[in-house]
Structures are given as structure tokens and as C-alpha cells.
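Following: one structure in C-alpha cells, then a few remarks.
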Amino acid sequence: DHEYEDHRPSSSVANIDEWRWKLSMLQRNAEEQEIISRDRRDRRDYDQIANLAKRMGLYSELYGKVIVASKVPLPNYRPDLDDKRPQREVVIPLSLQRRVEGFVQEHLDRSLLPFDKDGGKTESGSEKAEQVNLDEKQDPLLDESVMEKILQRKSLRMRNFQRSWQESPEGAKMVEFRKSLPAYKEKERLLAAIARNQVIVISGETGCGKTTQLPQFVLESEIESGRGAFCNIICTQPRRISAMAVAERVSTERGENLGESVGYKVRLEGIRGKDTHLLFCTSGILLRRLLSDRNLNGVSHVFVDEIHERGMNEDFLLIVLKDLLSRRRDLRLILMSATLNAELFSSYFGGAPTIHIPGFTHPVRAHFLEDILERTGYKMTASNQLDDYGQDKVWKTQRQLLPRKRKNQITTLVEDALQNSNFETYGSRTRDSLANWNPDCIGFNLIEAVLCHICRKERAGAVLVFMTGWDDISSLKDQLKAHPLLGDPNRVLLLACHGSMATSEQRLIFDKAPPNVRKVVLATNMAEASITINDIVFVMDCGKAKETTYDALNNTPCLLPSWISKASSRQRRGRAGRVQPGECYHLYPRCVYDAFAEYQLPELLRTPLNSLCLQIKSLQVDSIGEFLSAALQPPEPRA
Ligand SMILES: Nc1ncnc2c1ncn2[C@@H]1O[C@H](COP(=O)(O)OP(=O)(O)OP(=O)(O)O)[C@@H](O)[C@H]1O
């Protein structure tokens, strides 16, 4: 952009000729109304394109980086072309909402009367009622039989729409793809199990289609059976970004825009409409809803995804939902885990049936530190691994040089594993490097060297680097920006993804890089599960994540980088290979991976009790002790 804007070279004749052709095709094609271009070359030539369009009796407009040529006059602003537009849900004050509901009710009372008397002849009246009131299924003031009729009509419409999409060429292609996912083979078994049981537990390995397919199967089957408008499915995700990304993917698979039958809701933001019957939301959002709507009125199915992560909100949700099941016999609860520990959840819900779905990814080659060093020839010394965290450097360095006072179990296991490995089959340079390896460092220089190796020697494809938190992501980003190759924006697009970033910024990681530019995404473990970044071919895993632990010396909770579990490491690897074969670079030796715990300790058991109690109090629970004792794995009563 910079280059074009500064020098404004004269336009290319070939490009204008191409536009002349495109515009004349537009004039001839009765079905097309406009041409949209995001091409940089076109932006450079915009003035000439605008002149040309005008001469041909067409209209044109430049919206930021997008050019539109159209048969009809164009507005000054096009929200659909504004990537930065925050798509916020408008929250109406309760008093205003009540007034609006009052007016709507008054209007409905008047317009629905003839509908009942004439047996549905007054089409327009019923249609109007449908427009304004369908999402208020539980409205006690509306006659139940009228509501039933409205919902039946809407269900039929949903079925027609679903069928016509599935029969369209694009829809059929999507159905073909979905059939190739392992989840498809279990579709009938799953639907039968949901019909017969109130709770089921599904263990679906990475890439089997658990998140995108299973809630969709339920929605499709309800729509197909003519009950689409009566169902209301909620699927929780541990993180905002996965709730949004999955909702977007499922809408695409259904040939719809987000906010039609599929929507999402995360903190302060959401897209859902009156026709939304499958809502992806964060676990926190569902917990909050349960505070004010203890019976989850109107909800037919709840999916809780990624329960194996054992986040605090998920564990709390299980306690509250378990309590709710006896009050809502018709509610269906489907628990989904990416690992094989389904038995634990099943026995918590009184022996709920379990279904296992094998995973699917394209092959992903795993390279551990010893292979990476051998392959790249990178030499690690005692000094080139210390991470430069800017001003903290001296303090961090000093701390790292001090003998560690307290070691946790995994650190000891890692050290033992290292001591017992002699890496005999590797070259002496690699062995020397490994002898110098400092497990306490993330190793920015090593990451930089591996990124250079990928950019220079490996095939095209984006890179996803798992770091521990905002401080090391931003320090690494600063370091990479100063590098002649990795900091060159014409060759590398550096992006970051972190939980505290705005969702509009997080979303950028899904955009494609320009041709011949390699996308590098620096992310925390929030990109570890449930999301598919289409162009990721390479994953780099530093092996650590920030975890809340208790600092007994200072008597405070603190967030420190700790070794991840085998399950997390596999999830990270699984982010490559979802759409094409991939490579995963684990920046720690294989023997260290072998020493990792199988699963991470549940957040409930590692959060200091005082903060845990505060969190529980915020759920307006009477007795903290009683609430906690109902948990899947409660802390010791004496604690
Ligand atoms: N946005 C997308 N673009 C293209 N393909 C996608 C997209 N999202 C999902 N897929 C495809 O659908 C498959 C299943 O995705 P899904 O998220 O349902 O997997 P999953 O079983 O939940 O795995 P995980 O728990 O690892 O996220 C992916 O492996 C990928 O092939």
C-alpha cells in the first residue's frame, strides 16, 4: 500500500482494458448487479476505472480498500464491506423492551383475531405476527394454538430452505465434504441416543467434526422432521474466538449468513436473529443466563464442548446443569470431549451412555527439539536462549540464574527424563545444544531460527506459533519485526492472537495472506481447540501455557508458564493438518513430551480457594461447600 500511495505510478493499460471487458460483461449479465474488487492494482487505477464506469453509464465507489462498480447508484458507506465495523448486539434497556413488547402485544391481539376465525385465511396478518413475535415462543399472553400454527408454518419454511440448499450444486458439494468427516458415520447412532437419553457423553478426537457437525445434525434432523422452529440448541465453547469461528463455519455449511438459523453470543457481542435456533456461546454466557433463567426455558438441547479442558466455567456448568435435569425432563444434555476420558463424565451423570468418534486429520509430521536442531543445524548455547522481555530482562535473567527453590512435580520429571536420555543417534552439534538446553526459557532465538528455516526451505503455508501470554507474544513480535526476513511485510505477515484482544482483531487470523506472503500467527493456548485456520500448515509448540497457581511464599495466586499436558500438545499439533497435510515443531525433546501428564489438572483444583469461593459467590449460590461438593472432582473438604 505504502509503495503505491507514495509514488502513484501511472496505471497499467492492460488492467484498464481488463476492466473495460469486466464492465461490459456486467452490463450484459442481467443477474449481476455489481462487481466488487479488493485488488491493490485496482485501487491504484481507481480514478481511471471510475471514469470508465461513468462513460459506460455505470456507478463506482471506493470503500476503504474495496472498489465497487454497480448498475445502480452507490451509497457513501457500505457496512457489508467495512471489515472494522464492530458487529455488536444492541442491548435495549428493560423498561424500553417492556414498552415495545406491550405495543407488539396490543398489535398482535388485534391482527390475530381474524386469523383464528377464518382458519388462516388472513395470510398477511399471520405473516406479520410471525415477523415480530417468533422468538418469543414462551409468551404467556399469546394463545398457544396460534403460536403452534405460526411455528409450524415457520418449520415448513425452514425445511424447504434446508432442502433447496442441500440440493443446490454448492450445497451438495458441502454435504459431500461433511460426509467425509468421521462424525457423519455416527450421525444416526447419535440422534437415536439423544432421543432415548437425557444425557450423553461423546469423545471425539481432533478433527472428527464434533464441534461443527454434532449440533448441526440435531438442528438438521429437527428441521427435517418439521420441528425446526420448536427447537432451540445451545452449544458452549470455552473461548470467545471458537464460539464465533464455529458459528461462522456452521452458517457457511448451511448456505446461510451468520445470524440466520445459526448465531453466536459472547461477552458484549453477538450475532443472532429471530430465526436463530442454534446458538454458539461461551460457557460463561450460559452460566450467566442460568442465573436469571434457572430452568433454561425454551431451550431444547445443550451441548457443552471441550469438557476435557476442565475449565472452571465448564465444571460449574456441569454442577448447575446436573441440578437442572430433574426439573427439565425434556432437556437434552450432550457433553463433548476431545479425549478418551469420557467415563469420568458418564459416571458423574449416573452412567450416561458414551459414544466414541475417531479423529481425522491429514498427516501431520511431529518434529521434536532434537530433530529440529539436527535439521536446521541451529546451535544452542547457554546465553542464546535467554528471552528478552525488554525492561524485565535483568530481573528475569537474574531469576533464571538463581537455583530454583521450589520445583513442581512435572519440572522434576522433565529433568529426570532429560538426564536419562543420551540422544546417541544424533550428531555432536545437536548433543551439545541439547546439553545446553534451558527448559525454563521459551527460546525466542530458537523460534526465530525455525521460522527462518520454514520461510526459506519449506513449502508454502501459514505458521501458528503457540506462546504462553501477551508479554512473550509482544516481545517476540518486536524481535521478529527487527529481523531482515521475518520483519519484511512483503514477505511475512505477522499477526497476534490473545484473549484480551478485541474480537475484531482476533478475527484477523482467519484472513488469507496476500500471494507470496507467509502468514505467521503468534497465539496463546486460546487457538488450541475448536478452531480451524484454513491455511495453517506449520505449528510451533513451545510446550508451555500460563496457569493459575498458588505462590505459597508470597501467599498470592499467580499466573505462571507451566508445562502443558499430552492432550494439549496433541490439540496444538492438530491445528495443522485440518485442511491439508502439516508439520508440527515441538520446541522440547521427545523425552520431555513423554514425561508430560496425560491431562491437565482441572482449574477447579488448581485455583486458590479464596478466588474459587468468590467466583462461586458471584453465581449467587447459598452454600459454597454444598455447591463444591457436587462437583465432578471436588477439592478436599478439609481444604
Ligand atoms: N473454517 C473452516 N474452513 C474449512 N474447513 C473447516 C473449517 N472449520 C472446520 N473445517 C473442517 O471440518 C473439520 C471438523 O472441524 P471441527 O471443528 O468440527 O472438528 P472437531 O472434531 O471439533 O475438532 P477439534 O476439537 O480439534 O476442534 C476440520 O478438520 C476441517 O477439515
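If you're wondering about the labels, chains in the C-alpha cells are A, B, ... by order shown, residues count from 1 in each chain, ligands from 1 in order shown.
For region 487-493 of chain A, the non-local neighbours within 10 Å, defined as residues at least 4 positions apart in the same chain or in other chains and counting only C-alpha atoms, are Cys455, Ala462, Lys477, Asp478, Gln479, Leu480, Lys481, Ala482, His483, Lys512, Ala513, Pro514, Pro515, Asn516, Val517, Arg518, Lys519, Val520 and Val521 of chain A.
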Just write the chosen residues, all heavy atoms, as a tab-separated table (two decimals), in the first residue's frame.
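Done, and the output landed in again-v4.tsv:
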chain	number	residue	atom	x	y	z
A	455	CYS	N	10.47	-20.34	6.37
A	455	CYS	CA	10.28	-19.36	5.29
A	455	CYS	C	11.22	-19.64	4.12
A	455	CYS	O	10.84	-19.46	2.97
A	455	CYS	CB	10.52	-17.94	5.80
A	455	CYS	SG	9.22	-17.41	6.88
A	462	ALA	N	0.76	-21.17	6.12
A	462	ALA	CA	0.89	-20.29	7.28
A	462	ALA	C	1.46	-21.04	8.48
A	462	ALA	O	1.42	-22.27	8.54
A	462	ALA	CB	-0.47	-19.71	7.61
A	477	LYS	N	7.18	-10.61	18.96
A	477	LYS	CA	6.77	-9.87	17.76
A	477	LYS	C	7.75	-8.73	17.51
A	477	LYS	O	8.18	-8.52	16.38
A	477	LYS	CB	5.34	-9.33	17.97
A	477	LYS	CG	4.66	-9.01	16.68
A	477	LYS	CD	3.20	-8.74	16.88
A	477	LYS	CE	2.61	-8.10	15.65
A	477	LYS	NZ	1.34	-7.49	15.85
A	478	ASP	N	8.14	-8.02	18.58
A	478	ASP	CA	9.10	-6.92	18.41
A	478	ASP	C	10.41	-7.45	17.86
A	478	ASP	O	11.02	-6.86	16.97
A	478	ASP	CB	9.37	-6.23	19.76
A	478	ASP	CG	8.17	-5.42	20.20
A	478	ASP	OD1	7.29	-5.19	19.35
A	478	ASP	OD2	8.11	-5.05	21.38
A	479	GLN	N	10.86	-8.59	18.42
A	479	GLN	CA	12.13	-9.15	17.94
A	479	GLN	C	12.03	-9.55	16.47
A	479	GLN	O	12.91	-9.26	15.67
A	479	GLN	CB	12.49	-10.37	18.80
A	479	GLN	CG	13.73	-11.08	18.30
A	479	GLN	CD	14.28	-12.10	19.29
A	479	GLN	OE1	14.05	-12.02	20.49
A	479	GLN	NE2	15.03	-13.07	18.79
A	480	LEU	N	10.92	-10.18	16.10
A	480	LEU	CA	10.78	-10.65	14.71
A	480	LEU	C	10.67	-9.48	13.73
A	480	LEU	O	11.16	-9.53	12.61
A	480	LEU	CB	9.56	-11.57	14.56
A	480	LEU	CG	9.60	-12.86	15.38
A	480	LEU	CD1	8.35	-13.70	15.11
A	480	LEU	CD2	10.85	-13.69	15.08
A	481	LYS	N	10.03	-8.40	14.19
A	481	LYS	CA	9.86	-7.24	13.31
A	481	LYS	C	11.21	-6.63	12.93
A	481	LYS	O	11.35	-6.02	11.89
A	481	LYS	CB	9.02	-6.18	14.03
A	481	LYS	CG	7.54	-6.33	13.80
A	481	LYS	CD	6.90	-5.02	14.20
A	481	LYS	CE	5.49	-5.17	14.63
A	481	LYS	NZ	5.11	-4.19	15.64
A	482	ALA	N	12.20	-6.81	13.82
A	482	ALA	CA	13.52	-6.23	13.55
A	482	ALA	C	14.37	-7.16	12.66
A	482	ALA	O	15.50	-6.84	12.31
A	482	ALA	CB	14.23	-5.98	14.87
A	483	HIS	N	13.85	-8.32	12.32
A	483	HIS	CA	14.62	-9.30	11.53
A	483	HIS	C	14.49	-8.96	10.04
A	483	HIS	O	13.39	-8.61	9.58
A	483	HIS	CB	14.05	-10.69	11.83
A	483	HIS	CG	14.88	-11.79	11.26
A	483	HIS	ND1	14.72	-12.23	9.98
A	483	HIS	CD2	15.89	-12.53	11.81
A	483	HIS	CE1	15.59	-13.21	9.75
A	483	HIS	NE2	16.30	-13.41	10.85
A	512	LYS	N	-6.77	-14.56	4.76
A	512	LYS	CA	-5.69	-15.11	3.95
A	512	LYS	C	-4.61	-14.05	3.75
A	512	LYS	O	-4.92	-12.87	3.61
A	512	LYS	CB	-6.24	-15.50	2.59
A	512	LYS	CG	-6.33	-16.98	2.39
A	512	LYS	CD	-6.59	-17.29	0.95
A	512	LYS	CE	-5.79	-18.52	0.62
A	512	LYS	NZ	-6.44	-19.53	0.00
A	513	ALA	N	-3.34	-14.47	3.72
A	513	ALA	CA	-2.26	-13.52	3.44
A	513	ALA	C	-2.22	-13.27	1.93
A	513	ALA	O	-2.66	-14.12	1.15
A	513	ALA	CB	-0.94	-14.11	3.91
A	514	PRO	N	-1.69	-12.11	1.50
A	514	PRO	CA	-1.56	-11.88	0.05
A	514	PRO	C	-0.64	-12.95	-0.57
A	514	PRO	O	0.15	-13.58	0.15
A	514	PRO	CB	-0.90	-10.50	-0.03
A	514	PRO	CG	-1.05	-9.89	1.32
A	514	PRO	CD	-1.20	-10.99	2.30
A	515	PRO	N	-0.70	-13.14	-1.88
A	515	PRO	CA	0.14	-14.16	-2.51
A	515	PRO	C	1.62	-13.93	-2.21
A	515	PRO	O	2.06	-12.77	-2.15
A	515	PRO	CB	-0.14	-14.00	-4.02
A	515	PRO	CG	-1.30	-13.07	-4.13
A	515	PRO	CD	-1.52	-12.39	-2.83
A	516	ASN	N	2.35	-15.00	-2.02
A	516	ASN	CA	3.79	-14.97	-1.73
A	516	ASN	C	4.17	-14.31	-0.40
A	516	ASN	O	5.31	-13.96	-0.18
A	516	ASN	CB	4.58	-14.27	-2.85
A	516	ASN	CG	4.40	-14.99	-4.16
A	516	ASN	OD1	4.32	-16.23	-4.16
A	516	ASN	ND2	4.27	-14.25	-5.24
A	517	VAL	N	3.18	-14.10	0.44
A	517	VAL	CA	3.49	-13.59	1.78
A	517	VAL	C	3.12	-14.70	2.76
A	517	VAL	O	2.05	-15.28	2.66
A	517	VAL	CB	2.67	-12.32	2.09
A	517	VAL	CG1	2.90	-11.86	3.53
A	517	VAL	CG2	3.03	-11.21	1.12
A	518	ARG	N	4.04	-15.01	3.69
A	518	ARG	CA	3.75	-16.10	4.62
A	518	ARG	C	3.12	-15.53	5.90
A	518	ARG	O	3.65	-14.60	6.48
A	518	ARG	CB	5.02	-16.86	4.96
A	518	ARG	CG	4.74	-18.19	5.63
A	518	ARG	CD	6.01	-18.91	5.97
A	518	ARG	NE	6.71	-19.47	4.83
A	518	ARG	CZ	6.52	-20.69	4.33
A	518	ARG	NH1	5.59	-21.47	4.84
A	518	ARG	NH2	7.24	-21.12	3.33
A	519	LYS	N	1.98	-16.10	6.26
A	519	LYS	CA	1.30	-15.62	7.48
A	519	LYS	C	1.89	-16.33	8.69
A	519	LYS	O	2.04	-17.56	8.68
A	519	LYS	CB	-0.18	-15.95	7.33
A	519	LYS	CG	-1.04	-15.51	8.49
A	519	LYS	CD	-2.50	-15.51	8.08
A	519	LYS	CE	-3.22	-16.75	8.54
A	519	LYS	NZ	-4.60	-16.81	8.10
A	520	VAL	N	2.25	-15.56	9.73
A	520	VAL	CA	2.74	-16.15	10.97
A	520	VAL	C	1.85	-15.65	12.10
A	520	VAL	O	1.75	-14.44	12.32
A	520	VAL	CB	4.22	-15.76	11.24
A	520	VAL	CG1	4.68	-16.28	12.59
A	520	VAL	CG2	5.13	-16.27	10.13
A	521	VAL	N	1.16	-16.55	12.77
A	521	VAL	CA	0.26	-16.16	13.85
A	521	VAL	C	0.88	-16.54	15.19
A	521	VAL	O	1.21	-17.70	15.41
A	521	VAL	CB	-1.11	-16.88	13.71
A	521	VAL	CG1	-2.05	-16.45	14.83
A	521	VAL	CG2	-1.74	-16.60	12.36
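Neighbouring residues of Gly57 (chain A) at 10 Å or closer, counting only C-alpha atoms and skipping chain neighbours under 5 positions away, are A:Gln27, A:Asn51, A:Leu52, A:Ser70, A:Lys71, A:Val72.
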Go ahead and write the selection's residues with N, CA, C and O atoms as a PDB file, in the first residue's frame.
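Contents of again37.pdb, as written:
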ATOM      1  N   GLN A  27     -22.710  -5.264 -17.721  1.00  0.00           N
ATOM      2  CA  GLN A  27     -23.883  -4.675 -18.377  1.00  0.00           C
ATOM      3  C   GLN A  27     -24.738  -5.738 -19.050  1.00  0.00           C
ATOM      4  O   GLN A  27     -25.952  -5.672 -19.066  1.00  0.00           O
ATOM      5  N   ASN A  51     -13.756   6.714 -14.085  1.00  0.00           N
ATOM      6  CA  ASN A  51     -14.069   7.437 -15.326  1.00  0.00           C
ATOM      7  C   ASN A  51     -14.703   6.524 -16.362  1.00  0.00           C
ATOM      8  O   ASN A  51     -15.694   6.850 -17.010  1.00  0.00           O
ATOM      9  N   LEU A  52     -14.077   5.346 -16.468  1.00  0.00           N
ATOM     10  CA  LEU A  52     -14.544   4.366 -17.452  1.00  0.00           C
ATOM     11  C   LEU A  52     -15.990   3.960 -17.152  1.00  0.00           C
ATOM     12  O   LEU A  52     -16.852   3.938 -18.040  1.00  0.00           O
ATOM     13  N   SER A  70     -21.138  -0.581 -10.112  1.00  0.00           N
ATOM     14  CA  SER A  70     -22.507  -1.070  -9.990  1.00  0.00           C
ATOM     15  C   SER A  70     -23.421  -0.473 -11.061  1.00  0.00           C
ATOM     16  O   SER A  70     -23.137   0.582 -11.622  1.00  0.00           O
ATOM     17  N   LYS A  71     -24.550  -1.173 -11.289  1.00  0.00           N
ATOM     18  CA  LYS A  71     -25.542  -0.657 -12.236  1.00  0.00           C
ATOM     19  C   LYS A  71     -26.420   0.399 -11.579  1.00  0.00           C
ATOM     20  O   LYS A  71     -27.130   1.130 -12.238  1.00  0.00           O
ATOM     21  N   VAL A  72     -26.428   0.398 -10.223  1.00  0.00           N
ATOM     22  CA  VAL A  72     -27.288   1.366  -9.528  1.00  0.00           C
ATOM     23  C   VAL A  72     -26.414   2.309  -8.699  1.00  0.00           C
ATOM     24  O   VAL A  72     -25.289   1.960  -8.339  1.00  0.00           O
TER      25      VAL A  72
END
For this session: Check every protein, DNA and RNA residue against ligand 1, keep those with an atom at most 7 Å away (counting only C-alpha atoms and all ligand atoms), and present them as a ChimeraX atom specification.
Result: /A:181,204-213,245-246,249,306,338,359-361,529-534,571,574,578-579
For this session: Write out as a list in words which residues come within 7 Å of Gly263 (chain A) when counting only C-alpha atoms, dropping same-chain ones fewer than 5 positions away.
Result: Ala247, Leu258, Ile271, Arg272, Thr276, Leu278, Leu279 and Phe280 of chain A
For this session: Work out how far apart CA of Cys584 (chain A) and CA of His362 (chain A) are and give it in Å to one decimal.
Result: 12.3 Å
Problem set entry | All alpha helix (DSSP H) positions in region 214-356 of chain A, as JSON, numbers by chain | {"A": [214, 215, 216, 217, 218, 219, 220, 221, 222, 223, 224, 240, 241, 242, 243, 244, 245, 246, 247, 248, 249, 250, 251, 252, 253, 283, 284, 285, 286, 287, 288, 289, 290, 291, 292, 312, 313, 314, 315, 316, 317, 318, 319, 320, 321, 322, 323, 324, 325, 342, 343, 344, 345, 346, 347, 348]}
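When the distance limit is 9 Å and only C-alpha atoms are what count, the residues near Thr468 (chain A), minus those fewer than 5 positions from it on the same chain, are Ile442, Ile473, Ala523, Thr524, Asn525, Cys542, Gly543, Lys544, Ala545, Lys546, Leu560, Pro561 and Ser562 of chain A.
Around region 17-22 of chain A, within 12 Å and counting only C-alpha atoms, the residues found are Ser11, Arg28, Asn29, Glu32, Glu34, Ile35, Ile36, Ser37, Arg41, Asp42, Asp45, Tyr46, Gln48, Ile49, Ala50, Asn51, Leu52, Ala53, Lys54, Arg55, Met56, Leu58, Ile67, Val68, Ala69 and Ser70 of chain A, once anything fewer than 6 positions away on its own chain is removed.
A straight line drawn from CA of Glu269 (chain A) to CA of Ser504 (chain A) is 10.4 Å long.
When only C-alpha atoms are used to compute distances to Glu626 (chain A), the closest of the residues A:Arg575, A:His453, A:Ile319, A:Ala527 turns out to be A:Ile319.
Distances to Leu446 (chain A) were evaluated for A:Asp535, A:Asp541, A:Glu248, A:Glu505 using only C-alpha atoms, and the minimum falls at A:Asp541.
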Seminar exercise, completed: Closest of A:Trp563, A:Phe316, A:Phe627, A:Phe444 to Leu476 (chain A), counting only C-alpha atoms, is A:Phe444
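Computed from the coordinates, the CA of Met147 (chain A) to CA of Gln162 (chain A) distance equals 22.2 Å.
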For this session: Give me the residues within 10 Å of region 152-156 of chain A as a ChimeraX atom specification, counting only C-alpha atoms and dropping any in the same chain fewer than 2 places off.
Result: /A:126-127,130,134,146-150,158-162,222-231,275
Problem set entry | Non-local contacts of Glu547 (chain A) (12 Å; only C-alpha atoms; under 4 positions in same chain excluded) as a ChimeraX atom specification | /A:311,468-469,524-525,551,557-565,600-608
